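Text of protein.pdb, listed as PDB, C-alpha atoms:
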ATOM      1  CA  ALA A  26      87.407 108.966  99.486
ATOM      2  CA  LEU A  27      83.668 108.780  98.999
ATOM      3  CA  THR A  28      82.330 110.223  95.777
ATOM      4  CA  PRO A  29      79.541 112.727  96.394
ATOM      5  CA  THR A  30      76.667 111.890  94.080
ATOM      6  CA  ALA A  31      76.357 115.569  93.201
ATOM      7  CA  LEU A  32      79.821 115.561  91.596
ATOM      8  CA  ARG A  33      79.027 112.594  89.373
ATOM      9  CA  ASP A  34      75.728 114.175  88.408
ATOM     10  CA  SER A  35      77.462 117.464  87.603
ATOM     11  CA  PHE A  36      80.048 115.660  85.478
ATOM     12  CA  LEU A  37      77.362 113.951  83.404
ATOM     13  CA  ASN A  38      75.350 117.161  83.110
ATOM     14  CA  TYR A  39      78.406 119.050  81.856
ATOM     15  CA  LEU A  40      79.053 116.239  79.366
ATOM     16  CA  HIS A  41      75.488 116.569  78.152
ATOM     17  CA  GLU A  42      75.805 120.332  77.733
ATOM     18  CA  GLU A  43      79.409 120.679  76.526
ATOM     19  CA  ALA A  44      80.152 117.523  74.546
ATOM     20  CA  HIS A  45      76.685 117.001  73.039
ATOM     21  CA  PRO A  46      75.242 120.528  72.602
ATOM     22  CA  VAL A  47      73.262 119.704  69.453
ATOM     23  CA  THR A  48      71.264 116.899  71.032
ATOM     24  CA  LYS A  49      71.021 118.089  74.616
ATOM     25  CA  LYS A  50      67.476 119.403  74.114
ATOM     26  CA  THR A  51      66.181 116.313  72.365
ATOM     27  CA  SER A  52      67.616 113.358  74.272
ATOM     28  CA  ASP A  53      68.309 112.461  77.868
ATOM     29  CA  SER A  54      70.039 109.156  77.083
ATOM     30  CA  ILE A  55      73.236 110.078  75.235
ATOM     31  CA  SER A  56      76.072 107.569  75.510
ATOM     32  CA  SER A  57      79.512 109.096  76.065
ATOM     33  CA  THR A  58      83.021 107.669  75.946
ATOM     34  CA  ILE A  59      84.530 108.128  79.421
ATOM     35  CA  ILE A  60      87.925 107.353  80.919
ATOM     36  CA  ASP A  61      87.840 106.507  84.627
ATOM     37  CA  LEU A  62      91.418 107.437  85.476
ATOM     38  CA  GLY A  63      92.556 105.684  88.642
ATOM     39  CA  CYS A  64      89.348 103.670  88.844
ATOM     40  CA  GLY A  65      90.267 101.801  92.028
ATOM     41  CA  HIS A  66      87.702  99.163  92.950
ATOM     42  CA  GLY A  67      85.360 100.262  90.158
ATOM     43  CA  ARG A  68      82.664 102.127  92.062
ATOM     44  CA  ASP A  69      82.406 104.979  89.546
ATOM     45  CA  THR A  70      83.060 102.705  86.569
ATOM     46  CA  LEU A  71      80.000 100.718  87.618
ATOM     47  CA  HIS A  72      77.923 103.885  87.913
ATOM     48  CA  PHE A  73      78.825 105.115  84.423
ATOM     49  CA  THR A  74      78.431 101.745  82.667
ATOM     50  CA  THR A  75      75.074 101.166  84.344
ATOM     51  CA  LEU A  76      73.896 104.402  82.718
ATOM     52  CA  GLY A  77      75.008 103.103  79.322
ATOM     53  CA  HIS A  78      78.288 104.969  78.867
ATOM     54  CA  HIS A  79      81.362 103.394  77.280
ATOM     55  CA  VAL A  80      84.089 103.348  79.916
ATOM     56  CA  LEU A  81      87.814 102.724  79.777
ATOM     57  CA  ALA A  82      88.947 102.157  83.363
ATOM     58  CA  VAL A  83      92.639 102.616  84.165
ATOM     59  CA  ASP A  84      94.501 101.736  87.344
ATOM     60  CA  TYR A  85      98.035 100.819  88.398
ATOM     61  CA  SER A  86      96.816  98.155  90.829
ATOM     62  CA  TYR A  87      96.002  94.808  89.234
ATOM     63  CA  ALA A  88      94.149  93.720  92.376
ATOM     64  CA  MET A  89      91.850  96.741  92.217
ATOM     65  CA  LEU A  90      91.205  96.234  88.513
ATOM     66  CA  HIS A  91      90.331  92.585  89.154
ATOM     67  CA  HIS A  92      87.694  93.688  91.654
ATOM     68  CA  ALA A  93      86.414  96.391  89.307
ATOM     69  CA  LYS A  94      85.961  93.829  86.534
ATOM     70  CA  THR A  95      83.790  91.686  88.778
ATOM     71  CA  ILE A  96      81.352  94.497  89.572
ATOM     72  CA  ALA A  97      81.486  96.363  86.238
ATOM     73  CA  PRO A  98      82.081  93.722  83.548
ATOM     74  CA  HIS A  99      80.916  95.902  80.655
ATOM     75  CA  ALA A 100      83.832  98.347  80.905
ATOM     76  CA  HIS A 101      87.225  98.000  79.244
ATOM     77  CA  TYR A 102      90.298  97.928  81.497
ATOM     78  CA  LEU A 103      93.953  98.911  81.354
ATOM     79  CA  ASN A 104      96.459  97.979  84.069
ATOM     80  CA  MET A 105      99.080 100.709  83.706
ATOM     81  CA  ASP A 106     100.682 103.866  85.012
ATOM     82  CA  MET A 107      98.317 106.695  84.091
ATOM     83  CA  ARG A 108     101.289 108.845  83.089
ATOM     84  CA  MET A 109     101.830 106.521  80.115
ATOM     85  CA  LEU A 110      98.237 106.664  78.909
ATOM     86  CA  LYS A 111      98.892 109.583  76.548
ATOM     87  CA  ASN A 112     100.969 107.221  74.395
ATOM     88  CA  LEU A 113      97.937 105.022  73.712
ATOM     89  CA  LEU A 114      95.091 107.477  73.175
ATOM     90  CA  ILE A 115      93.967 108.815  69.816
ATOM     91  CA  ASP A 116      93.674 112.593  69.521
ATOM     92  CA  GLN A 117      90.185 113.916  70.301
ATOM     93  CA  SER A 118      88.750 110.452  70.928
ATOM     94  CA  VAL A 119      87.205 110.865  74.385
ATOM     95  CA  ASP A 120      84.101 112.736  75.594
ATOM     96  CA  GLY A 121      84.892 112.775  79.307
ATOM     97  CA  ILE A 122      87.665 112.016  81.785
ATOM     98  CA  TRP A 123      86.816 111.293  85.414
ATOM     99  CA  SER A 124      89.555 111.044  88.060
ATOM    100  CA  HIS A 125      88.345 111.108  91.644
ATOM    101  CA  SER A 126      91.077 111.302  94.309
ATOM    102  CA  SER A 127      93.660 109.709  91.996
ATOM    103  CA  LEU A 128      95.835 112.537  90.682
ATOM    104  CA  THR A 129      96.658 113.455  94.271
ATOM    105  CA  HIS A 130      98.986 110.406  94.337
ATOM    106  CA  LEU A 131     101.137 111.716  91.474
ATOM    107  CA  PRO A 132     104.334 113.666  92.129
ATOM    108  CA  LYS A 133     103.519 117.318  91.555
ATOM    109  CA  GLU A 134     106.132 117.557  88.813
ATOM    110  CA  ASP A 135     104.133 115.060  86.720
ATOM    111  CA  LEU A 136     100.723 116.727  86.771
ATOM    112  CA  GLU A 137     101.374 119.298  84.045
ATOM    113  CA  SER A 138     102.522 116.648  81.557
ATOM    114  CA  LEU A 139      99.516 114.456  82.372
ATOM    115  CA  LEU A 140      97.074 117.331  81.864
ATOM    116  CA  ARG A 141      98.654 118.115  78.484
ATOM    117  CA  GLY A 142      98.260 114.512  77.366
ATOM    118  CA  LEU A 143      94.641 114.370  78.488
ATOM    119  CA  TYR A 144      93.905 117.633  76.692
ATOM    120  CA  VAL A 145      95.090 116.180  73.392
ATOM    121  CA  SER A 146      92.916 113.077  73.794
ATOM    122  CA  ILE A 147      89.646 114.812  74.652
ATOM    123  CA  LYS A 148      87.185 116.090  72.073
ATOM    124  CA  VAL A 149      86.356 119.755  71.735
ATOM    125  CA  GLY A 150      83.607 120.298  74.309
ATOM    126  CA  GLY A 151      84.768 117.278  76.307
ATOM    127  CA  VAL A 152      84.801 117.469  80.096
ATOM    128  CA  LEU A 153      87.551 116.702  82.596
ATOM    129  CA  TYR A 154      86.846 116.148  86.296
ATOM    130  CA  PHE A 155      89.458 115.560  88.972
ATOM    131  CA  SER A 156      89.914 116.138  92.675
ATOM    132  CA  LEU A 157      92.994 116.855  94.771
ATOM    133  CA  LYS A 158      93.849 117.344  98.423
ATOM    134  CA  VAL A 159      93.933 120.963  99.556
ATOM    135  CA  GLY A 160      97.001 122.198 101.421
ATOM    136  CA  THR A 161      99.383 125.149 101.517
ATOM    137  CA  HIS A 162     103.165 125.133 101.788
ATOM    138  CA  ASP A 163     102.821 126.323 105.399
ATOM    139  CA  GLN A 164     100.770 123.225 106.223
ATOM    140  CA  ILE A 165     102.542 120.588 104.116
ATOM    141  CA  GLY A 166     106.028 121.900 103.489
ATOM    142  CA  GLN A 167     107.651 123.610 100.534
ATOM    143  CA  ALA A 168     107.495 120.560  98.263
ATOM    144  CA  GLY A 169     103.742 120.166  98.725
ATOM    145  CA  GLU A 170     104.146 116.397  98.976
ATOM    146  CA  VAL A 171     104.159 113.931 101.861
ATOM    147  CA  VAL A 172     104.314 110.145 102.199
ATOM    148  CA  GLU A 173     101.795 108.960 104.759
ATOM    149  CA  PRO A 174     100.371 105.595 105.873
ATOM    150  CA  ASP A 175      96.948 104.728 104.500
ATOM    151  CA  THR A 176      95.027 103.959 107.675
ATOM    152  CA  ARG A 177      92.297 102.080 105.804
ATOM    153  CA  TYR A 178      94.634  99.090 105.369
ATOM    154  CA  THR A 179      95.780  96.906 108.259
ATOM    155  CA  PRO A 180      99.280  95.405 107.893
ATOM    156  CA  ILE A 181      99.437  91.606 107.973
ATOM    157  CA  ASP A 182     101.725  89.987 110.560
ATOM    158  CA  ASN A 183     105.028  91.888 110.490
ATOM    159  CA  GLU A 184     104.378  93.911 107.348
ATOM    160  CA  GLU A 185     105.017  97.624 107.450
ATOM    161  CA  ASP A 186     102.221 100.168 107.094
ATOM    162  CA  ILE A 187     101.027 100.749 103.539
ATOM    163  CA  CYS A 188     102.208 104.239 102.666
ATOM    164  CA  LYS A 189     101.181 106.464  99.780
ATOM    165  CA  LEU A 190     102.352 109.707  98.257
ATOM    166  CA  TYR A 191      99.946 112.605  98.718
ATOM    167  CA  SER A 192     100.382 115.831  96.778
ATOM    168  CA  TYR A 193      98.619 118.940  98.025
ATOM    169  CA  TYR A 194      97.485 121.951  96.021
ATOM    170  CA  THR A 195      95.876 125.348  96.327
ATOM    171  CA  SER A 196      93.149 126.423  93.930
ATOM    172  CA  SER A 197      95.425 129.075  92.408
ATOM    173  CA  GLU A 198      98.068 126.408  91.622
ATOM    174  CA  VAL A 199      95.486 124.282  89.836
ATOM    175  CA  VAL A 200      94.005 127.167  87.856
ATOM    176  CA  GLU A 201      97.505 128.111  86.675
ATOM    177  CA  LEU A 202      98.251 124.508  85.609
ATOM    178  CA  LEU A 203      94.986 124.246  83.702
ATOM    179  CA  SER A 204      95.638 127.523  81.909
ATOM    180  CA  LYS A 205      99.163 126.421  80.917
ATOM    181  CA  THR A 206      97.875 123.152  79.476
ATOM    182  CA  GLY A 207      94.976 124.578  77.463
ATOM    183  CA  TRP A 208      92.022 123.702  79.688
ATOM    184  CA  GLU A 209      89.225 126.155  80.445
ATOM    185  CA  VAL A 210      87.760 125.944  83.943
ATOM    186  CA  ILE A 211      84.030 125.285  84.142
ATOM    187  CA  LYS A 212      83.861 125.157  87.918
ATOM    188  CA  ILE A 213      86.265 124.762  90.821
ATOM    189  CA  GLY A 214      85.473 124.412  94.517
ATOM    190  CA  GLU A 215      86.109 122.572  97.772
ATOM    191  CA  TYR A 216      84.215 120.042  99.810
ATOM    192  CA  ASP A 217      84.997 118.582 103.197
ATOM    193  CA  GLN A 218      83.943 115.116 104.361
ATOM    194  CA  ARG A 219      85.920 114.976 107.586
ATOM    195  CA  ASP A 220      82.691 115.123 109.584
ATOM    196  CA  LYS A 221      81.384 112.020 107.765
ATOM    197  CA  SER A 222      84.441 109.748 107.840
ATOM    198  CA  GLU A 223      87.585 109.241 109.909
ATOM    199  CA  TYR A 224      89.722 108.726 106.801
ATOM    200  CA  PRO A 225      89.863 112.212 105.156
ATOM    201  CA  THR A 226      92.501 114.494 106.700
ATOM    202  CA  HIS A 227      91.981 117.505 104.414
ATOM    203  CA  SER A 228      89.223 118.946 102.301
ATOM    204  CA  LEU A 229      89.248 118.125  98.584
ATOM    205  CA  LEU A 230      89.485 120.530  95.683
ATOM    206  CA  TYR A 231      87.181 119.519  92.829
ATOM    207  CA  VAL A 232      87.642 120.737  89.270
ATOM    208  CA  PHE A 233      85.546 120.627  86.103
ATOM    209  CA  ALA A 234      87.275 121.811  82.931
ATOM    210  CA  THR A 235      86.732 121.609  79.190
ATOM    211  CA  ARG A 236      88.500 121.909  75.851
ATOM    212  CA  ARG A 237      87.089 124.782  73.776
ATOM    213  CA  LYS A 238      89.460 124.773  70.781
ATOM    214  CA  ASP A 239      90.610 122.391  68.051
TER     215      ASP A 239
END
Written form, C-alpha coordinates:
Amino acid sequence: ALTPTALRDSFLNYLHEEAHPVTKKTSDSISSTIIDLGCGHGRDTLHFTTLGHHVLAVDYSYAMLHHAKTIAPHAHYLNMDMRMLKNLLIDQSVDGIWSHSSLTHLPKEDLESLLRGLYVSIKVGGVLYFSLKVGTHDQIGQAGEVVEPDTRYTPIDNEEDICKLYSYYTSSEVVELLSKTGWEVIKIGEYDQRDKSEYPTHSLLYVFATRRKD
(Lines of atoms letter the chains of each structure in order from A and count residues from 1; the text may use other names and numbers.)
(Lines give C-alpha, C1' and ligand atoms only; values in the text may rest on other atoms or scores of the structure.)
Protein backbone atom coordinates (compact mmCIF):
# COMPACT_ATOMS: atom_id res chain seq x y z
CA ALA A 1 0.00 0.00 0.00
CA LEU A 2 1.20 3.51 -0.68
CA THR A 3 1.99 5.63 2.35
CA PRO A 4 0.19 8.97 2.26
CA THR A 5 2.71 11.69 3.04
CA ALA A 6 0.21 13.26 5.42
CA LEU A 7 0.34 10.19 7.70
CA ARG A 8 4.12 10.27 7.96
CA ASP A 9 4.02 13.99 8.63
CA SER A 10 1.37 13.50 11.32
CA PHE A 11 3.44 10.76 12.95
CA LEU A 12 6.50 12.99 13.16
CA ASN A 13 4.44 15.94 14.38
CA TYR A 14 2.90 13.82 17.15
CA LEU A 15 6.40 12.62 18.09
CA HIS A 16 7.52 16.23 18.31
CA GLU A 17 4.57 17.18 20.52
CA GLU A 18 4.17 14.05 22.66
CA ALA A 19 7.65 12.59 23.04
CA HIS A 20 9.61 15.86 23.13
CA PRO A 21 7.24 18.40 24.77
CA VAL A 22 10.00 20.38 26.50
CA THR A 23 11.89 21.17 23.31
CA LYS A 24 9.07 21.34 20.80
CA LYS A 25 9.00 25.15 20.88
CA THR A 26 12.74 25.60 20.55
CA SER A 27 13.86 23.08 17.94
CA ASP A 28 12.55 21.70 14.68
CA SER A 29 15.33 19.12 14.25
CA ILE A 30 14.87 16.63 17.10
CA SER A 31 16.19 13.13 16.45
CA SER A 32 13.92 10.32 17.62
CA THR A 33 14.42 6.58 18.00
CA ILE A 34 11.89 4.88 15.70
CA ILE A 35 11.02 1.26 14.98
CA ASP A 36 9.78 0.62 11.45
CA LEU A 37 7.81 -2.55 12.13
CA GLY A 38 7.34 -4.56 8.95
CA CYS A 39 9.57 -2.21 6.97
CA GLY A 40 9.23 -4.06 3.66
CA HIS A 41 11.45 -2.60 0.96
CA GLY A 42 12.52 0.29 3.19
CA ARG A 43 10.54 3.19 1.75
CA ASP A 44 9.58 4.64 5.13
CA THR A 45 12.89 3.67 6.74
CA LEU A 46 14.61 5.78 4.10
CA HIS A 47 12.29 8.71 4.79
CA PHE A 48 12.93 8.68 8.54
CA THR A 49 16.71 8.19 8.33
CA THR A 50 17.01 10.96 5.74
CA LEU A 51 15.45 13.29 8.32
CA GLY A 52 18.08 12.25 10.86
CA HIS A 53 16.09 9.81 13.00
CA HIS A 54 17.58 6.62 14.42
CA VAL A 55 15.65 3.72 12.91
CA LEU A 56 15.46 0.03 13.73
CA ALA A 57 13.79 -1.65 10.76
CA VAL A 58 12.21 -5.07 11.29
CA ASP A 59 10.87 -7.49 8.71
CA TYR A 60 10.32 -11.23 8.34
CA SER A 61 11.49 -11.23 4.71
CA TYR A 62 15.25 -11.34 4.26
CA ALA A 63 14.88 -10.33 0.61
CA MET A 64 12.96 -7.18 1.55
CA LEU A 65 15.47 -6.29 4.25
CA HIS A 66 18.32 -6.71 1.76
CA HIS A 67 16.64 -4.18 -0.53
CA ALA A 68 15.93 -1.83 2.37
CA LYS A 69 19.60 -1.88 3.37
CA THR A 70 20.63 -0.80 -0.11
CA ILE A 71 18.41 2.29 -0.10
CA ALA A 72 18.61 3.17 3.61
CA PRO A 73 22.08 2.09 4.79
CA HIS A 74 22.06 4.24 7.93
CA ALA A 75 19.30 2.24 9.66
CA HIS A 76 19.75 -0.85 11.80
CA TYR A 77 17.97 -4.04 10.70
CA LEU A 78 16.47 -7.15 12.26
CA ASN A 79 15.28 -10.13 10.22
CA MET A 80 12.67 -11.68 12.51
CA ASP A 81 9.05 -12.34 13.33
CA MET A 82 7.70 -9.10 14.80
CA ARG A 83 5.84 -11.09 17.45
CA MET A 84 9.21 -11.97 19.00
CA LEU A 85 10.48 -8.40 19.12
CA LYS A 86 9.19 -7.80 22.65
CA ASN A 87 11.83 -10.24 23.91
CA LEU A 88 14.64 -8.01 22.63
CA LEU A 89 13.50 -4.49 23.48
CA ILE A 90 14.41 -2.60 26.63
CA ASP A 91 11.52 -1.08 28.57
CA GLN A 92 10.75 2.52 27.60
CA SER A 93 13.57 2.69 25.06
CA VAL A 94 11.73 3.86 21.93
CA ASP A 95 10.21 7.22 20.97
CA GLY A 96 8.05 6.04 18.08
CA ILE A 97 6.78 2.89 16.38
CA TRP A 98 5.64 3.01 12.76
CA SER A 99 3.87 0.04 11.16
CA HIS A 100 2.18 0.76 7.85
CA SER A 101 0.04 -2.07 6.44
CA SER A 102 2.03 -4.73 8.32
CA LEU A 103 -0.06 -5.71 11.34
CA THR A 104 -2.89 -6.63 8.98
CA HIS A 105 -0.90 -9.80 8.11
CA LEU A 106 -0.92 -11.05 11.72
CA PRO A 107 -3.54 -13.52 12.94
CA LYS A 108 -6.07 -11.52 14.92
CA GLU A 109 -5.37 -13.56 18.04
CA ASP A 110 -1.79 -12.23 18.09
CA LEU A 111 -2.47 -8.49 17.92
CA GLU A 112 -3.29 -7.96 21.59
CA SER A 113 -0.03 -9.58 22.74
CA LEU A 114 1.97 -7.55 20.22
CA LEU A 115 0.39 -4.27 21.34
CA ARG A 116 1.20 -5.10 24.98
CA GLY A 117 4.83 -5.74 24.12
CA LEU A 118 5.12 -2.52 22.13
CA TYR A 119 3.54 -0.57 24.98
CA VAL A 120 6.23 -1.74 27.39
CA SER A 121 9.02 -0.74 25.01
CA ILE A 122 7.83 2.79 24.22
CA LYS A 123 8.66 5.82 26.33
CA VAL A 124 6.00 7.81 28.12
CA GLY A 125 4.77 10.25 25.47
CA GLY A 126 5.95 7.96 22.68
CA VAL A 127 3.79 7.52 19.60
CA LEU A 128 2.52 4.39 17.87
CA TYR A 129 1.17 4.42 14.32
CA PHE A 130 -0.31 1.46 12.49
CA SER A 131 -2.83 0.76 9.77
CA LEU A 132 -5.18 -2.16 9.18
CA LYS A 133 -7.69 -3.26 6.57
CA VAL A 134 -11.28 -2.32 7.34
CA GLY A 135 -13.93 -5.04 7.18
CA THR A 136 -16.91 -6.35 9.13
CA HIS A 137 -17.83 -9.94 9.91
CA ASP A 138 -20.64 -9.68 7.34
CA GLN A 139 -18.10 -8.84 4.64
CA ILE A 140 -15.19 -11.09 5.64
CA GLY A 141 -16.67 -13.87 7.73
CA GLN A 142 -16.86 -14.49 11.45
CA ALA A 143 -13.12 -15.04 11.88
CA GLY A 144 -12.25 -11.70 10.30
CA GLU A 145 -9.37 -13.31 8.42
CA VAL A 146 -8.86 -14.46 4.84
CA VAL A 147 -5.96 -15.85 2.82
CA GLU A 148 -5.81 -14.17 -0.57
CA PRO A 149 -3.33 -14.04 -3.47
CA ASP A 150 -1.17 -10.93 -3.65
CA THR A 151 -1.81 -9.76 -7.19
CA ARG A 152 1.30 -7.56 -7.24
CA TYR A 153 3.50 -10.66 -7.65
CA THR A 154 3.53 -12.78 -10.80
CA PRO A 155 4.22 -16.51 -10.26
CA ILE A 156 7.27 -17.87 -12.07
CA ASP A 157 6.76 -20.86 -14.40
CA ASN A 158 4.53 -23.35 -12.55
CA GLU A 159 4.67 -21.71 -9.14
CA GLU A 160 1.42 -21.14 -7.30
CA ASP A 161 0.11 -17.66 -6.56
CA ILE A 162 1.76 -15.92 -3.62
CA CYS A 163 -0.90 -15.81 -0.92
CA LYS A 164 -0.99 -13.78 2.27
CA LEU A 165 -3.10 -13.66 5.39
CA TYR A 166 -5.23 -10.53 5.73
CA SER A 167 -6.95 -9.68 8.99
CA TYR A 168 -9.79 -7.18 8.93
CA TYR A 169 -10.97 -4.92 11.73
CA THR A 170 -13.59 -2.36 12.64
CA SER A 171 -12.64 0.84 14.43
CA SER A 172 -14.49 -0.27 17.57
CA GLU A 173 -12.44 -3.51 17.68
CA VAL A 174 -9.21 -1.54 17.49
CA VAL A 175 -10.22 1.01 20.11
CA GLU A 176 -11.11 -1.83 22.49
CA LEU A 177 -7.74 -3.55 21.89
CA LEU A 178 -5.83 -0.33 22.49
CA SER A 179 -7.72 0.32 25.72
CA LYS A 180 -7.03 -3.23 26.98
CA THR A 181 -3.31 -2.88 26.31
CA GLY A 182 -2.81 0.54 27.89
CA TRP A 183 -2.64 2.77 24.81
CA GLU A 184 -4.47 6.09 24.58
CA VAL A 185 -5.84 6.97 21.15
CA ILE A 186 -4.61 10.24 19.67
CA LYS A 187 -6.47 9.90 16.39
CA ILE A 188 -8.18 7.16 14.41
CA GLY A 189 -9.68 7.34 10.93
CA GLU A 190 -10.02 5.76 7.50
CA TYR A 191 -8.61 6.49 4.08
CA ASP A 192 -9.36 4.88 0.76
CA GLN A 193 -6.91 4.62 -2.13
CA ARG A 194 -8.91 2.32 -4.38
CA ASP A 195 -9.41 5.16 -6.85
CA LYS A 196 -5.62 5.62 -7.14
CA SER A 197 -4.43 2.02 -7.45
CA GLU A 198 -5.77 -1.35 -8.58
CA TYR A 199 -4.15 -3.15 -5.64
CA PRO A 200 -6.18 -1.97 -2.58
CA THR A 201 -9.43 -3.91 -2.09
CA HIS A 202 -10.59 -2.18 1.11
CA SER A 203 -10.08 1.13 2.82
CA LEU A 204 -7.45 1.30 5.56
CA LEU A 205 -7.94 2.19 9.20
CA TYR A 206 -5.12 4.39 10.50
CA VAL A 207 -4.34 4.77 14.19
CA PHE A 208 -2.14 7.10 16.24
CA ALA A 209 -1.80 6.24 19.92
CA THR A 210 0.46 7.14 22.83
CA ARG A 211 1.60 5.98 26.25
CA ARG A 212 0.63 8.47 28.97
CA LYS A 213 1.72 6.61 32.12
CA ASP A 214 4.88 5.10 33.60
| task | Write out as a PyMOL selection string which residues come within 9 Å of A:Asp239 when counting only C-alpha atoms, dropping same-chain ones fewer than 6 positions away. | result | chain A and resi 117+148-149
| field | Close residues, stretch 136-147 of chain A itself excluded, 7 Å, all atoms listed in the file, min 4 positions apart in chain, as a PyMOL selection string | value | chain A and resi 108+111+114-121+131+151+202+206+236
Kindly export the residues of the current selection with C-alpha atoms, as a PDB file, in the coordinates of the input.
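Resulting contents of out.pdb:
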ATOM      1  CA  ARG A 108     101.289 108.845  83.089  1.00  0.00           C
ATOM      2  CA  LYS A 111      98.892 109.583  76.548  1.00  0.00           C
ATOM      3  CA  LEU A 114      95.091 107.477  73.175  1.00  0.00           C
ATOM      4  CA  ILE A 115      93.967 108.815  69.816  1.00  0.00           C
ATOM      5  CA  ASP A 116      93.674 112.593  69.521  1.00  0.00           C
ATOM      6  CA  GLN A 117      90.185 113.916  70.301  1.00  0.00           C
ATOM      7  CA  SER A 118      88.750 110.452  70.928  1.00  0.00           C
ATOM      8  CA  VAL A 119      87.205 110.865  74.385  1.00  0.00           C
ATOM      9  CA  ASP A 120      84.101 112.736  75.594  1.00  0.00           C
ATOM     10  CA  GLY A 121      84.892 112.775  79.307  1.00  0.00           C
ATOM     11  CA  LEU A 131     101.137 111.716  91.474  1.00  0.00           C
ATOM     12  CA  GLY A 151      84.768 117.278  76.307  1.00  0.00           C
ATOM     13  CA  LEU A 202      98.251 124.508  85.609  1.00  0.00           C
ATOM     14  CA  THR A 206      97.875 123.152  79.476  1.00  0.00           C
ATOM     15  CA  ARG A 236      88.500 121.909  75.851  1.00  0.00           C
TER      16      ARG A 236
END
| query | Skipping near chain neighbours, those fewer than 5 positions away, what residues fall within 10 Å of A:His45 using all atoms listed in the file, listed as a PyMOL selection string? | reply | chain A and resi 39-40+50+52+55-57+120+150-151
| message | Translate the PyMOL selection byres ((chain A and resi 98) around 12) into a concrete residue list for this structure, as a list in words. | response | Gly67, Arg68, Thr70, Leu71, His72, Phe73, Thr74, Thr75, His79, Val80, Leu81, Ala82, Leu90, His91, His92, Ala93, Lys94, Thr95, Ile96, Ala97, His99, Ala100, His101 and Tyr102 of chain A
| request: Just give me the gap between atom CA of A:Gly63 and atom CA of A:Tyr85 in Å, one decimal is fine. | output: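 Taking atom CA of A:Gly63 and atom CA of A:Tyr85, their separation equals 7.3 Å.
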| message | Would you compute the distance between atom CA of A:Leu110 and atom CA of A:Val172? Give it in Å to one decimal. | response |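 For atom CA of A:Leu110 relative to atom CA of A:Val172, the distance reads 24.3 Å.
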| said: Nearest residue to A:Thr58 out of A:Ala234, A:Met109, A:Leu103, A:Val152, using only C-alpha atoms? | reply: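 Checking each of A:Ala234, A:Met109, A:Leu103, A:Val152 against A:Thr58, counting only C-alpha atoms, the winner is A:Val152.
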| message | To one decimal place in Å, what is the distance between atom CA of A:Ser192 and atom CA of A:Pro132? | response |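 Between atom CA of A:Ser192 and atom CA of A:Pro132 the gap works out to 6.5 Å.
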| request: Within 8 Å of A:Val171, counting all atoms listed in the file, which residues show up once you throw out same-chain ones fewer than 2 positions away? Write them as a list in words, please. | output: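 Selected residues are Ile165, Gly169, Glu173, Leu190, Tyr191 and Ser192 of chain A.
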| request: Decode the PyMOL selection byres ((chain A and resi 156) around 9) for the given file into explicit residues and return them as a list in words. | output: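 Output from the PyMOL selection byres ((chain A and resi 156) around 9), applied to this file: Ser124, His125, Ser126, Ser127, Leu128, Thr129, Tyr154, Phe155, Leu157, Lys158, Leu229, Leu230, Tyr231 and Val232 of chain A.
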Centre and edge lengths, as AutoDock Vina command-line options, for the axis-aligned box enclosing every listed atom of stretch 128-142 of chain A with 6 Å of padding on each of the six sides, in Å to one decimal?
--center_x 101.0 --center_y 114.9 --center_z 85.9 --size_x 22.3 --size_y 20.9 --size_z 29.0
| query | What lies within 9 Å of A:Val200 using all atoms listed in the file, ignoring chain neighbours under 3 positions off, as an MDAnalysis selection string? | reply | chainID A and resid 195:197 203:205 209:210 213
